[in-house]
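Chemist: The file below is target_19.pdb, PDB, C-alpha atoms:
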```pdb
ATOM      1  CA  MET V 412      37.038   7.759 -45.365
ATOM      2  CA  ALA V 413      39.786   6.604 -43.014
ATOM      3  CA  LYS V 414      40.019   3.731 -40.574
ATOM      4  CA  VAL V 415      40.067   5.354 -37.129
ATOM      5  CA  ALA V 416      40.428   4.158 -33.534
ATOM      6  CA  PHE V 417      39.372   6.140 -30.481
ATOM      7  CA  ILE V 418      40.623   5.217 -27.004
ATOM      8  CA  GLY V 419      38.873   6.731 -23.965
ATOM      9  CA  LEU V 420      35.132   7.401 -23.952
ATOM     10  CA  GLY V 421      34.629   9.856 -21.109
ATOM     11  CA  VAL V 422      32.427  12.946 -21.274
ATOM     12  CA  MET V 423      34.711  14.321 -24.003
ATOM     13  CA  GLY V 424      35.794  11.209 -25.864
ATOM     14  CA  PHE V 425      32.356   9.650 -26.307
ATOM     15  CA  PRO V 426      30.926  12.511 -28.417
ATOM     16  CA  MET V 427      34.258  13.223 -30.142
ATOM     17  CA  ALA V 428      34.419   9.638 -31.376
ATOM     18  CA  GLY V 429      30.787  10.005 -32.451
ATOM     19  CA  HIS V 430      31.600  13.022 -34.612
ATOM     20  CA  LEU V 431      34.438  11.114 -36.282
ATOM     21  CA  LYS V 432      31.853   8.526 -37.283
ATOM     22  CA  THR V 433      28.857  10.728 -38.159
ATOM     23  CA  LYS V 434      30.409  13.971 -39.425
ATOM     24  CA  GLY V 435      33.725  12.581 -40.610
ATOM     25  CA  GLY V 436      32.218   9.460 -42.132
ATOM     26  CA  HIS V 437      35.105   7.336 -40.872
ATOM     27  CA  ASP V 438      35.164   3.661 -39.935
ATOM     28  CA  VAL V 439      35.611   3.952 -36.152
ATOM     29  CA  THR V 440      36.611   1.328 -33.589
ATOM     30  CA  VAL V 441      36.621   2.319 -29.909
ATOM     31  CA  TYR V 442      38.172   1.099 -26.685
ATOM     32  CA  ASN V 443      37.224   2.045 -23.152
ATOM     33  CA  ARG V 444      38.434   0.690 -19.833
ATOM     34  CA  THR V 445      34.777   0.016 -18.973
ATOM     35  CA  PRO V 446      33.666  -2.320 -21.790
ATOM     36  CA  ALA V 447      29.987  -1.477 -21.310
ATOM     37  CA  LYS V 448      30.630   2.119 -22.332
ATOM     38  CA  ALA V 449      32.426   1.001 -25.490
ATOM     39  CA  ALA V 450      29.531  -1.335 -26.285
ATOM     40  CA  ALA V 451      27.040   1.499 -25.742
ATOM     41  CA  TRP V 452      29.027   3.750 -28.096
ATOM     42  CA  ALA V 453      29.205   1.038 -30.758
ATOM     43  CA  GLU V 454      25.456   0.510 -30.565
ATOM     44  CA  LYS V 455      24.624   4.217 -30.677
ATOM     45  CA  PHE V 456      26.923   5.051 -33.591
ATOM     46  CA  SER V 457      26.937   1.720 -35.465
ATOM     47  CA  GLY V 458      30.671   1.379 -34.897
ATOM     48  CA  HIS V 459      32.944  -1.271 -33.439
ATOM     49  CA  ALA V 460      34.338  -1.933 -29.961
ATOM     50  CA  ALA V 461      37.638  -3.686 -29.212
ATOM     51  CA  PRO V 462      38.798  -5.382 -25.986
ATOM     52  CA  THR V 463      42.236  -3.695 -25.856
ATOM     53  CA  PRO V 464      43.826  -0.470 -27.152
ATOM     54  CA  ALA V 465      46.172  -2.520 -29.369
ATOM     55  CA  GLU V 466      43.266  -4.338 -31.007
ATOM     56  CA  ALA V 467      41.354  -1.094 -31.497
ATOM     57  CA  ALA V 468      44.412   0.444 -33.158
ATOM     58  CA  ALA V 469      45.207  -2.529 -35.402
ATOM     59  CA  GLY V 470      45.111  -1.426 -39.033
ATOM     60  CA  ALA V 471      43.938   2.103 -38.198
ATOM     61  CA  ASP V 472      45.176   5.112 -40.142
ATOM     62  CA  PHE V 473      44.556   7.448 -37.203
ATOM     63  CA  VAL V 474      44.393   6.550 -33.498
ATOM     64  CA  PHE V 475      42.914   9.092 -31.078
ATOM     65  CA  VAL V 476      43.402   8.996 -27.312
ATOM     66  CA  CYS V 477      41.491  10.997 -24.687
ATOM     67  CA  VAL V 478      42.130   9.767 -21.141
ATOM     68  CA  GLY V 479      42.729  11.234 -17.678
ATOM     69  CA  ASN V 480      46.415  11.958 -17.091
ATOM     70  CA  ASP V 481      50.022  11.123 -18.006
ATOM     71  CA  GLU V 482      49.973   7.665 -16.437
ATOM     72  CA  ASP V 483      46.653   6.731 -18.046
ATOM     73  CA  LEU V 484      48.112   7.895 -21.337
ATOM     74  CA  ARG V 485      51.261   5.820 -20.969
ATOM     75  CA  SER V 486      49.160   2.793 -20.036
ATOM     76  CA  VAL V 487      46.919   2.878 -23.114
ATOM     77  CA  THR V 488      49.712   3.704 -25.552
ATOM     78  CA  LEU V 489      52.946   2.140 -24.237
ATOM     79  CA  GLY V 490      51.533  -0.661 -22.088
ATOM     80  CA  GLU V 491      51.545  -4.384 -22.818
ATOM     81  CA  SER V 492      48.346  -4.076 -24.848
ATOM     82  CA  GLY V 493      48.840  -0.387 -25.672
ATOM     83  CA  ALA V 494      47.901   1.253 -28.952
ATOM     84  CA  LEU V 495      51.465   1.496 -30.269
ATOM     85  CA  ARG V 496      51.721  -2.294 -30.218
ATOM     86  CA  GLY V 497      48.894  -2.505 -32.723
ATOM     87  CA  MET V 498      49.565   0.501 -34.950
ATOM     88  CA  LYS V 499      50.846   0.062 -38.470
ATOM     89  CA  PRO V 500      53.814   2.000 -39.923
ATOM     90  CA  GLY V 501      52.793   5.377 -41.341
ATOM     91  CA  SER V 502      49.752   5.756 -39.106
ATOM     92  CA  VAL V 503      49.237   8.698 -36.738
ATOM     93  CA  LEU V 504      48.660   8.715 -32.970
ATOM     94  CA  ILE V 505      46.714  11.827 -31.886
ATOM     95  CA  ASP V 506      46.530  12.568 -28.164
ATOM     96  CA  ASN V 507      43.582  14.724 -27.049
ATOM     97  CA  THR V 508      44.382  14.256 -23.350
ATOM     98  CA  THR V 509      45.398  17.335 -21.359
ATOM     99  CA  ALA V 510      48.777  16.081 -20.186
ATOM    100  CA  SER V 511      52.348  17.269 -19.703
ATOM    101  CA  ALA V 512      54.593  18.451 -22.514
ATOM    102  CA  GLU V 513      57.116  15.899 -21.225
ATOM    103  CA  VAL V 514      54.859  12.917 -21.936
ATOM    104  CA  ALA V 515      54.021  14.363 -25.357
ATOM    105  CA  ARG V 516      57.711  14.411 -26.275
ATOM    106  CA  GLU V 517      58.102  10.902 -24.835
ATOM    107  CA  LEU V 518      55.269   9.562 -26.999
ATOM    108  CA  TYR V 519      56.585  11.384 -30.067
ATOM    109  CA  ALA V 520      59.917   9.566 -29.649
ATOM    110  CA  ALA V 521      58.291   6.196 -28.884
ATOM    111  CA  ALA V 522      56.061   6.497 -31.951
ATOM    112  CA  LYS V 523      58.990   7.362 -34.223
ATOM    113  CA  GLU V 524      60.758   4.172 -33.124
ATOM    114  CA  LYS V 525      57.813   2.226 -34.557
ATOM    115  CA  ASP V 526      57.623   4.331 -37.740
ATOM    116  CA  VAL V 527      54.409   5.923 -36.423
ATOM    117  CA  ASP V 528      53.712   9.665 -36.297
ATOM    118  CA  PHE V 529      52.446  11.566 -33.260
ATOM    119  CA  ILE V 530      50.486  14.772 -32.654
ATOM    120  CA  ASP V 531      49.706  16.134 -29.180
ATOM    121  CA  ALA V 532      46.306  17.770 -29.541
ATOM    122  CA  PRO V 533      44.672  18.844 -26.260
ATOM    123  CA  VAL V 534      41.268  20.480 -26.608
ATOM    124  CA  SER V 535      39.331  23.356 -25.103
ATOM    125  CA  GLY V 536      35.581  23.906 -25.118
ATOM    126  CA  GLY V 537      34.379  21.507 -22.449
ATOM    127  CA  GLN V 538      31.652  18.912 -22.628
ATOM    128  CA  ALA V 539      29.327  21.190 -24.605
ATOM    129  CA  GLY V 540      32.058  21.837 -27.169
ATOM    130  CA  ALA V 541      32.672  18.112 -27.526
ATOM    131  CA  GLU V 542      28.969  17.321 -27.895
ATOM    132  CA  ASN V 543      28.468  20.058 -30.484
ATOM    133  CA  GLY V 544      31.682  19.306 -32.369
ATOM    134  CA  VAL V 545      33.102  22.819 -31.901
ATOM    135  CA  LEU V 546      36.255  22.253 -29.862
ATOM    136  CA  THR V 547      39.444  24.271 -30.143
ATOM    137  CA  VAL V 548      42.386  21.947 -30.763
ATOM    138  CA  MET V 549      45.987  22.974 -30.010
ATOM    139  CA  CYS V 550      48.512  20.756 -31.779
ATOM    140  CA  GLY V 551      52.192  19.979 -31.492
ATOM    141  CA  GLY V 552      54.172  17.914 -33.969
ATOM    142  CA  ASP V 553      55.567  17.835 -37.498
ATOM    143  CA  GLU V 554      53.890  20.133 -40.005
ATOM    144  CA  ALA V 555      53.438  17.516 -42.730
ATOM    145  CA  VAL V 556      51.814  15.118 -40.251
ATOM    146  CA  PHE V 557      49.576  17.897 -38.944
ATOM    147  CA  GLU V 558      48.361  18.752 -42.444
ATOM    148  CA  ARG V 559      47.545  15.092 -43.053
ATOM    149  CA  THR V 560      45.712  14.818 -39.740
ATOM    150  CA  ARG V 561      43.848  18.122 -39.660
ATOM    151  CA  PRO V 562      40.962  17.109 -41.986
ATOM    152  CA  VAL V 563      40.190  14.207 -39.629
ATOM    153  CA  ILE V 564      40.337  16.371 -36.479
ATOM    154  CA  ASP V 565      37.972  18.842 -38.176
ATOM    155  CA  ALA V 566      35.086  16.440 -37.494
ATOM    156  CA  TYR V 567      34.927  17.575 -33.848
ATOM    157  CA  ALA V 568      36.558  21.012 -34.025
ATOM    158  CA  ARG V 569      35.880  24.576 -35.091
ATOM    159  CA  MET V 570      39.501  25.716 -34.649
ATOM    160  CA  VAL V 571      42.626  23.625 -35.170
ATOM    161  CA  GLY V 572      46.122  25.076 -35.046
ATOM    162  CA  LEU V 573      49.714  23.810 -35.128
ATOM    163  CA  MET V 574      51.594  25.510 -32.287
ATOM    164  CA  GLY V 575      55.058  24.080 -32.923
ATOM    165  CA  PRO V 576      56.986  20.831 -32.377
ATOM    166  CA  ALA V 577      55.879  17.973 -30.115
ATOM    167  CA  GLY V 578      54.724  19.260 -26.728
ATOM    168  CA  SER V 579      53.671  22.674 -28.067
ATOM    169  CA  GLY V 580      49.993  21.729 -28.043
ATOM    170  CA  GLN V 581      50.205  20.844 -24.365
ATOM    171  CA  LEU V 582      52.098  24.046 -23.565
ATOM    172  CA  THR V 583      49.409  26.060 -25.353
ATOM    173  CA  LYS V 584      46.704  24.278 -23.336
ATOM    174  CA  MET V 585      48.593  25.346 -20.198
ATOM    175  CA  VAL V 586      48.391  28.967 -21.360
ATOM    176  CA  ASN V 587      44.656  28.425 -21.883
ATOM    177  CA  GLN V 588      44.175  27.121 -18.333
ATOM    178  CA  ILE V 589      46.202  29.980 -16.824
ATOM    179  CA  CYS V 590      43.856  32.443 -18.534
ATOM    180  CA  ILE V 591      40.730  30.626 -17.363
ATOM    181  CA  ALA V 592      41.885  30.381 -13.734
ATOM    182  CA  GLY V 593      42.465  34.117 -13.451
ATOM    183  CA  LEU V 594      39.289  35.034 -15.320
ATOM    184  CA  VAL V 595      37.021  32.837 -13.209
ATOM    185  CA  GLN V 596      38.485  34.116  -9.944
ATOM    186  CA  GLY V 597      38.037  37.708 -11.136
ATOM    187  CA  LEU V 598      34.442  37.016 -12.141
ATOM    188  CA  ALA V 599      33.730  35.294  -8.814
ATOM    189  CA  GLU V 600      35.075  38.280  -6.874
ATOM    190  CA  ALA V 601      33.129  40.714  -9.053
ATOM    191  CA  LEU V 602      29.817  38.909  -8.549
ATOM    192  CA  HIS V 603      30.512  38.552  -4.828
ATOM    193  CA  PHE V 604      31.263  42.267  -4.551
ATOM    194  CA  GLY V 605      28.201  43.216  -6.597
ATOM    195  CA  LYS V 606      25.897  41.155  -4.389
ATOM    196  CA  ARG V 607      27.352  42.618  -1.213
ATOM    197  CA  ALA V 608      26.900  46.100  -2.687
ATOM    198  CA  GLY V 609      23.199  45.412  -3.262
ATOM    199  CA  LEU V 610      23.375  45.615  -7.043
ATOM    200  CA  ASP V 611      21.143  43.751  -9.488
ATOM    201  CA  ILE V 612      23.689  41.327 -10.921
ATOM    202  CA  GLU V 613      21.773  40.745 -14.155
ATOM    203  CA  LYS V 614      21.637  44.463 -14.880
ATOM    204  CA  VAL V 615      25.313  44.869 -14.017
ATOM    205  CA  VAL V 616      26.414  42.033 -16.308
ATOM    206  CA  GLU V 617      24.155  43.226 -19.129
ATOM    207  CA  VAL V 618      26.110  46.478 -19.149
ATOM    208  CA  ILE V 619      29.686  45.471 -18.350
ATOM    209  CA  SER V 620      29.688  42.386 -20.581
ATOM    210  CA  LYS V 621      29.533  44.699 -23.593
ATOM    211  CA  GLY V 622      32.687  46.523 -22.510
ATOM    212  CA  ALA V 623      36.298  45.664 -21.695
ATOM    213  CA  ALA V 624      35.282  43.388 -18.777
ATOM    214  CA  GLY V 625      33.352  41.006 -21.028
ATOM    215  CA  SER V 626      34.483  37.401 -21.428
ATOM    216  CA  TRP V 627      33.224  33.949 -22.373
ATOM    217  CA  GLN V 628      33.086  33.085 -18.686
ATOM    218  CA  MET V 629      30.931  36.102 -17.926
ATOM    219  CA  GLU V 630      28.524  35.446 -20.790
ATOM    220  CA  ASN V 631      28.176  31.726 -20.140
ATOM    221  CA  ARG V 632      28.581  31.339 -16.384
ATOM    222  CA  HIS V 633      27.307  34.435 -14.572
ATOM    223  CA  LYS V 634      23.676  33.260 -14.412
ATOM    224  CA  THR V 635      24.487  29.872 -12.923
ATOM    225  CA  MET V 636      27.047  31.387 -10.558
ATOM    226  CA  ASN V 637      24.526  33.975  -9.395
ATOM    227  CA  ALA V 638      22.050  31.137  -8.765
ATOM    228  CA  GLY V 639      24.621  29.118  -6.824
ATOM    229  CA  LYS V 640      24.507  26.251  -9.317
ATOM    230  CA  TYR V 641      27.762  24.601 -10.308
ATOM    231  CA  ASP V 642      26.963  21.635 -12.520
ATOM    232  CA  PHE V 643      27.638  23.179 -15.916
ATOM    233  CA  GLY V 644      31.129  22.391 -17.054
ATOM    234  CA  PHE V 645      34.695  21.362 -16.345
ATOM    235  CA  ALA V 646      35.083  19.807 -12.880
ATOM    236  CA  VAL V 647      37.269  21.263 -10.130
ATOM    237  CA  ASP V 648      39.195  17.987  -9.803
ATOM    238  CA  TRP V 649      40.203  18.205 -13.450
ATOM    239  CA  MET V 650      41.141  21.875 -13.197
ATOM    240  CA  ARG V 651      43.395  21.126 -10.250
ATOM    241  CA  LYS V 652      45.044  18.380 -12.299
ATOM    242  CA  ASP V 653      45.619  20.847 -15.134
ATOM    243  CA  LEU V 654      46.927  23.592 -12.867
ATOM    244  CA  GLY V 655      49.289  21.085 -11.284
ATOM    245  CA  ILE V 656      50.717  20.416 -14.753
ATOM    246  CA  VAL V 657      50.984  24.176 -15.337
ATOM    247  CA  LEU V 658      52.791  24.870 -12.063
ATOM    248  CA  THR V 659      55.198  21.961 -12.591
ATOM    249  CA  GLU V 660      56.081  23.298 -16.049
ATOM    250  CA  ALA V 661      56.482  26.821 -14.626
ATOM    251  CA  ARG V 662      58.986  25.556 -12.077
ATOM    252  CA  ARG V 663      60.891  23.964 -14.943
ATOM    253  CA  ASN V 664      60.940  26.993 -17.251
ATOM    254  CA  GLY V 665      61.155  29.704 -14.595
ATOM    255  CA  ALA V 666      57.801  31.370 -15.321
ATOM    256  CA  LYS V 667      56.301  33.302 -12.397
ATOM    257  CA  LEU V 668      52.603  32.491 -11.905
ATOM    258  CA  PRO V 669      51.513  34.013  -8.583
ATOM    259  CA  VAL V 670      47.810  34.355  -9.484
ATOM    260  CA  THR V 671      47.606  30.831 -10.906
ATOM    261  CA  ALA V 672      49.252  29.393  -7.791
ATOM    262  CA  VAL V 673      46.788  31.183  -5.502
ATOM    263  CA  VAL V 674      43.745  30.169  -7.563
ATOM    264  CA  ASP V 675      44.966  26.565  -7.474
ATOM    265  CA  GLN V 676      44.889  26.796  -3.674
ATOM    266  CA  PHE V 677      41.408  28.301  -3.831
ATOM    267  CA  TYR V 678      40.251  25.296  -5.859
ATOM    268  CA  GLY V 679      41.721  23.157  -3.097
ATOM    269  CA  ASP V 680      39.396  24.990  -0.686
ATOM    270  CA  VAL V 681      36.452  24.174  -2.968
ATOM    271  CA  GLN V 682      37.437  20.499  -2.910
ATOM    272  CA  ALA V 683      37.504  20.651   0.899
ATOM    273  CA  MET V 684      33.926  21.971   0.740
ATOM    274  CA  GLY V 685      32.916  18.830  -1.159
ATOM    275  CA  GLY V 686      32.979  20.545  -4.544
ATOM    276  CA  ASN V 687      35.266  18.100  -6.369
ATOM    277  CA  ARG V 688      32.753  17.617  -9.178
ATOM    278  CA  TRP V 689      31.421  21.173  -9.228
ATOM    279  CA  ASP V 690      32.400  23.164 -12.296
ATOM    280  CA  THR V 691      35.236  25.673 -12.195
ATOM    281  CA  SER V 692      32.923  28.646 -11.655
ATOM    282  CA  SER V 693      32.391  27.360  -8.090
ATOM    283  CA  LEU V 694      35.147  29.707  -6.890
ATOM    284  CA  LEU V 695      32.209  31.959  -5.988
ATOM    285  CA  ALA V 696      30.929  29.339  -3.528
ATOM    286  CA  ARG V 697      34.200  29.643  -1.629
ATOM    287  CA  LEU V 698      33.679  33.384  -1.202
ATOM    288  CA  GLU V 699      30.093  32.949  -0.094
ATOM    289  CA  LYS V 700      30.481  30.057   2.328
TER     290      LYS V 700
END
```
Any chance you could put this one into structure tokens?

Modeler:
Amino acid sequence: MAKVAFIGLGVMGFPMAGHLKTKGGHDVTVYNRTPAKAAAWAEKFSGHAAPTPAEAAAGADFVFVCVGNDEDLRSVTLGESGALRGMKPGSVLIDNTTASAEVARELYAAAKEKDVDFIDAPVSGGQAGAENGVLTVMCGGDEAVFERTRPVIDAYARMVGLMGPAGSGQLTKMVNQICIAGLVQGLAEALHFGKRAGLDIEKVVEVISKGAAGSWQMENRHKTMNAGKYDFGFAVDWMRKDLGIVLTEARRNGAKLPVTAVVDQFYGDVQAMGGNRWDTSSLLARLEK
């Protein structure tokens, strides 16, 4: 059993911290910007809540962070009462936020100055994956630190991999989001076309999902998309944040992402329709408006 802190109890962090307590068997202290949520977590999982990130991290062997964006991340780690101010030498800071590779490298360097280790570890699998403890975790950092940290991460994951040095986890998550953006747009267009052609969508998907066109998105989202329901996963606002990170990195490294750039604009159209909190499969709603 390790002493663990978890900072950020959103739709992902709340259950992830719970798995560290229940499945991992660790002594977990949490922090959340809204204290009531931290108190609710502590009551549900018989854990502890702290008033600041630094106090949550004090004495911890492993400190997990899962917040909204780069600036949130800097605030809870590097700020006046940030986690790094409370962490002991030899401990590990693990960032599950989907953020930039730049901030991952920044935190790696800041942690080293305090004799603390750092792993960037963004996740994929959405709210359901977090609740069921079956997330995919893409890590960047030093191999020895990763091997020490992996058994703890396993509490909320079904796949954990080291992708390379600091920032590599975030870069891998960008690859993940590029794939999803193109797949969802393709699926939206396919369902839209099939409806306009007068086909029975359920029969069509039953057949094509078993061939080369099959995908996780098709298996898990076609029914809700066909029904015009978009409350089943990762929100459009968050996807636009992620694609913004992707496109910024592409401008830096020279990658050409024409499809990703267009789909990002399409998600902007969905936001203009009031779909900020709809899930990413709502690209179909744009075609059908």

Chemist: The PyMOL selection byres ((chain V and resi 479-496) around 6) on the file shown: which residues, as a list of chain:residue names?

Modeler: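 Against this file, the PyMOL selection byres ((chain V and resi 479-496) around 6) returns the residues V:Pro464, V:Ala465, V:Ala468, V:Val478, V:Gly497, V:Met498, V:Ala510.
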
Chemist: Those same residues - C-alpha atoms - I'd like them written as an mmCIF file, keeping the file's coordinate frame.

Modeler:
```
data_model
loop_
_atom_site.group_PDB
_atom_site.id
_atom_site.type_symbol
_atom_site.label_atom_id
_atom_site.label_comp_id
_atom_site.auth_asym_id
_atom_site.auth_seq_id
_atom_site.Cartn_x
_atom_site.Cartn_y
_atom_site.Cartn_z
ATOM 1 C CA PRO V 464 43.826 -0.470 -27.152
ATOM 2 C CA ALA V 465 46.172 -2.520 -29.369
ATOM 3 C CA ALA V 468 44.412 0.444 -33.158
ATOM 4 C CA VAL V 478 42.130 9.767 -21.141
ATOM 5 C CA GLY V 497 48.894 -2.505 -32.723
ATOM 6 C CA MET V 498 49.565 0.501 -34.950
ATOM 7 C CA ALA V 510 48.777 16.081 -20.186
#
```

Chemist: Taking the file as I've supplied it (selection: the PyMOL selection byres ((chain V and resi 668-676) around 8)), which residues are included? Please answer as a PyMOL selection string.

Modeler: chain V and resi 589+592-593+596+651+654-655+658+661+666-667+677-680

Chemist: So which residues get picked by the PyMOL selection byres ((chain V and resi 549) around 8) here, written as a list in words?

Modeler: Asp531, Ala532, Pro533, Val534, Thr547, Val548, Cys550, Gly551, Val571, Gly572, Leu573, Met574, Ser579, Gly580, Gln581, Thr583 and Lys584 of chain V

Chemist: Between V:Lys634, V:Met585, V:Glu699, V:Arg561, which has the minimum distance to Asp611 of chain V (counting all atoms listed in the file)?

Modeler: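 Result for the nearest residue to Asp611 of chain V: V:Lys634.
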
Chemist: Work out how far apart atom CA of His437 of chain V and atom CA of Ala521 of chain V are and give it in Å to one decimal.

Modeler: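 Here the two named atoms are 26.1 Å from each other.
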
Chemist: Mind dumping a table of every segment 585-640 of chain V residue within 10 Å of segment 690-696 of chain V, with the nearest atom pair and its distance in Å to one decimal, using all atoms listed in the file, sorted by chain and rising number, as a tab-separated table?

Modeler:
```
residue	atom	partner	partner_atom	distance
V:Ile591	CA	V:Thr691	CA	9.0
V:Ala592	CA	V:Thr691	CA	8.3
V:Leu594	CA	V:Ser692	CA	9.7
V:Val595	CA	V:Ser692	CA	6.1
V:Gln596	CA	V:Leu694	CA	6.3
V:Gly597	CA	V:Leu694	CA	9.5
V:Leu598	CA	V:Leu695	CA	8.3
V:Ala599	CA	V:Leu695	CA	4.6
V:Glu600	CA	V:Leu695	CA	7.0
V:Ala601	CA	V:Leu695	CA	9.3
V:Leu602	CA	V:Leu695	CA	7.8
V:His603	CA	V:Leu695	CA	6.9
V:Gln628	CA	V:Ser692	CA	8.3
V:Met629	CA	V:Ser692	CA	9.9
V:Arg632	CA	V:Ser692	CA	7.0
V:His633	CA	V:Ser692	CA	8.6
V:Thr635	CA	V:Ser692	CA	8.6
V:Met636	CA	V:Ser692	CA	6.6
V:Asn637	CA	V:Leu695	CA	8.6
V:Gly639	CA	V:Ala696	CA	7.1
V:Lys640	CA	V:Ser693	CA	8.1
```

Chemist: Would you compute the distance between atom CA of Ala413 of chain V and atom CA of Asp472 of chain V? Give it in Å to one decimal.

Modeler: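 That distance, rounded to one decimal, is 6.3 Å.
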
Chemist: Using atom CA of Asp642 of chain V and atom CA of Gly429 of chain V as the two end points, give the distance in Å to one decimal.

Modeler: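 Between atom CA of Asp642 of chain V and atom CA of Gly429 of chain V the gap is 23.4 Å.
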
Chemist: With distances taken over all atoms listed in the file, which of V:Pro576, V:Gly665, V:Gly470, V:Gly424 is nearest to Phe557 of chain V?

Modeler: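 Result for the nearest residue to Phe557 of chain V: V:Pro576.
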
Chemist: Which is closer to Val503 of chain V than all the others in V:Gly609, V:Pro446, V:Gly552, V:Gly536, using all atoms listed in the file?

Modeler: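 For Val503 of chain V, the nearest of the candidates is V:Gly552.
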
Chemist: What lies within 9 Å of Met423 of chain V using all atoms listed in the file, ignoring chain neighbours under 2 positions off, as a compact mmCIF listing (two decimals) with C-alpha atoms, in the frame of the given file?

Modeler:
```
# COMPACT_ATOMS: atom_id res chain seq x y z
CA GLY V 419 38.87 6.73 -23.96
CA LEU V 420 35.13 7.40 -23.95
CA GLY V 421 34.63 9.86 -21.11
CA PHE V 425 32.36 9.65 -26.31
CA PRO V 426 30.93 12.51 -28.42
CA MET V 427 34.26 13.22 -30.14
CA ALA V 428 34.42 9.64 -31.38
CA CYS V 477 41.49 11.00 -24.69
CA GLY V 537 34.38 21.51 -22.45
CA GLN V 538 31.65 18.91 -22.63
CA ALA V 539 29.33 21.19 -24.60
CA GLY V 540 32.06 21.84 -27.17
CA ALA V 541 32.67 18.11 -27.53
CA GLU V 542 28.97 17.32 -27.90
```

Chemist: I need the residue nearest Thr440 of chain V from this list: V:Ala555, V:Val422, V:Pro462, V:Leu582. Use only C-alpha atoms for the distance.

Modeler: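 Of V:Ala555, V:Val422, V:Pro462, V:Leu582, the one nearest Thr440 of chain V, counting only C-alpha atoms, is V:Pro462.
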
Chemist: With N, CA and C atoms as the target, complete segment 441-452 of chain V and hand it back as a PDB file, in the frame of the given file.

Modeler:
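Everything below was put into selection36.pdb:
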```pdb
ATOM      1  N   VAL V 441      36.339   1.665 -31.191  1.00  0.00           N
ATOM      2  CA  VAL V 441      36.621   2.319 -29.909  1.00  0.00           C
ATOM      3  C   VAL V 441      37.093   1.314 -28.865  1.00  0.00           C
ATOM      4  N   TYR V 442      37.799   1.862 -27.880  1.00  0.00           N
ATOM      5  CA  TYR V 442      38.172   1.099 -26.685  1.00  0.00           C
ATOM      6  C   TYR V 442      37.909   1.980 -25.475  1.00  0.00           C
ATOM      7  N   ASN V 443      37.376   1.369 -24.432  1.00  0.00           N
ATOM      8  CA  ASN V 443      37.224   2.045 -23.152  1.00  0.00           C
ATOM      9  C   ASN V 443      37.511   1.052 -22.035  1.00  0.00           C
ATOM     10  N   ARG V 444      38.091   1.560 -20.960  1.00  0.00           N
ATOM     11  CA  ARG V 444      38.434   0.690 -19.833  1.00  0.00           C
ATOM     12  C   ARG V 444      37.205  -0.036 -19.290  1.00  0.00           C
ATOM     13  N   THR V 445      36.048   0.651 -19.326  1.00  0.00           N
ATOM     14  CA  THR V 445      34.777   0.016 -18.973  1.00  0.00           C
ATOM     15  C   THR V 445      34.137  -0.488 -20.262  1.00  0.00           C
ATOM     16  N   PRO V 446      34.155  -1.798 -20.508  1.00  0.00           N
ATOM     17  CA  PRO V 446      33.666  -2.320 -21.790  1.00  0.00           C
ATOM     18  C   PRO V 446      32.221  -1.947 -22.098  1.00  0.00           C
ATOM     19  N   ALA V 447      31.396  -1.802 -21.066  1.00  0.00           N
ATOM     20  CA  ALA V 447      29.987  -1.477 -21.310  1.00  0.00           C
ATOM     21  C   ALA V 447      29.831  -0.138 -22.009  1.00  0.00           C
ATOM     22  N   LYS V 448      30.713   0.799 -21.686  1.00  0.00           N
ATOM     23  CA  LYS V 448      30.630   2.119 -22.332  1.00  0.00           C
ATOM     24  C   LYS V 448      31.025   2.012 -23.805  1.00  0.00           C
ATOM     25  N   ALA V 449      32.032   1.211 -24.089  1.00  0.00           N
ATOM     26  CA  ALA V 449      32.426   1.001 -25.490  1.00  0.00           C
ATOM     27  C   ALA V 449      31.302   0.322 -26.270  1.00  0.00           C
ATOM     28  N   ALA V 450      30.655  -0.642 -25.628  1.00  0.00           N
ATOM     29  CA  ALA V 450      29.531  -1.335 -26.285  1.00  0.00           C
ATOM     30  C   ALA V 450      28.377  -0.375 -26.543  1.00  0.00           C
ATOM     31  N   ALA V 451      28.116   0.516 -25.572  1.00  0.00           N
ATOM     32  CA  ALA V 451      27.040   1.499 -25.742  1.00  0.00           C
ATOM     33  C   ALA V 451      27.356   2.454 -26.885  1.00  0.00           C
ATOM     34  N   TRP V 452      28.633   2.859 -26.986  1.00  0.00           N
ATOM     35  CA  TRP V 452      29.027   3.750 -28.096  1.00  0.00           C
ATOM     36  C   TRP V 452      28.830   3.027 -29.431  1.00  0.00           C
TER      37      TRP V 452
END
```
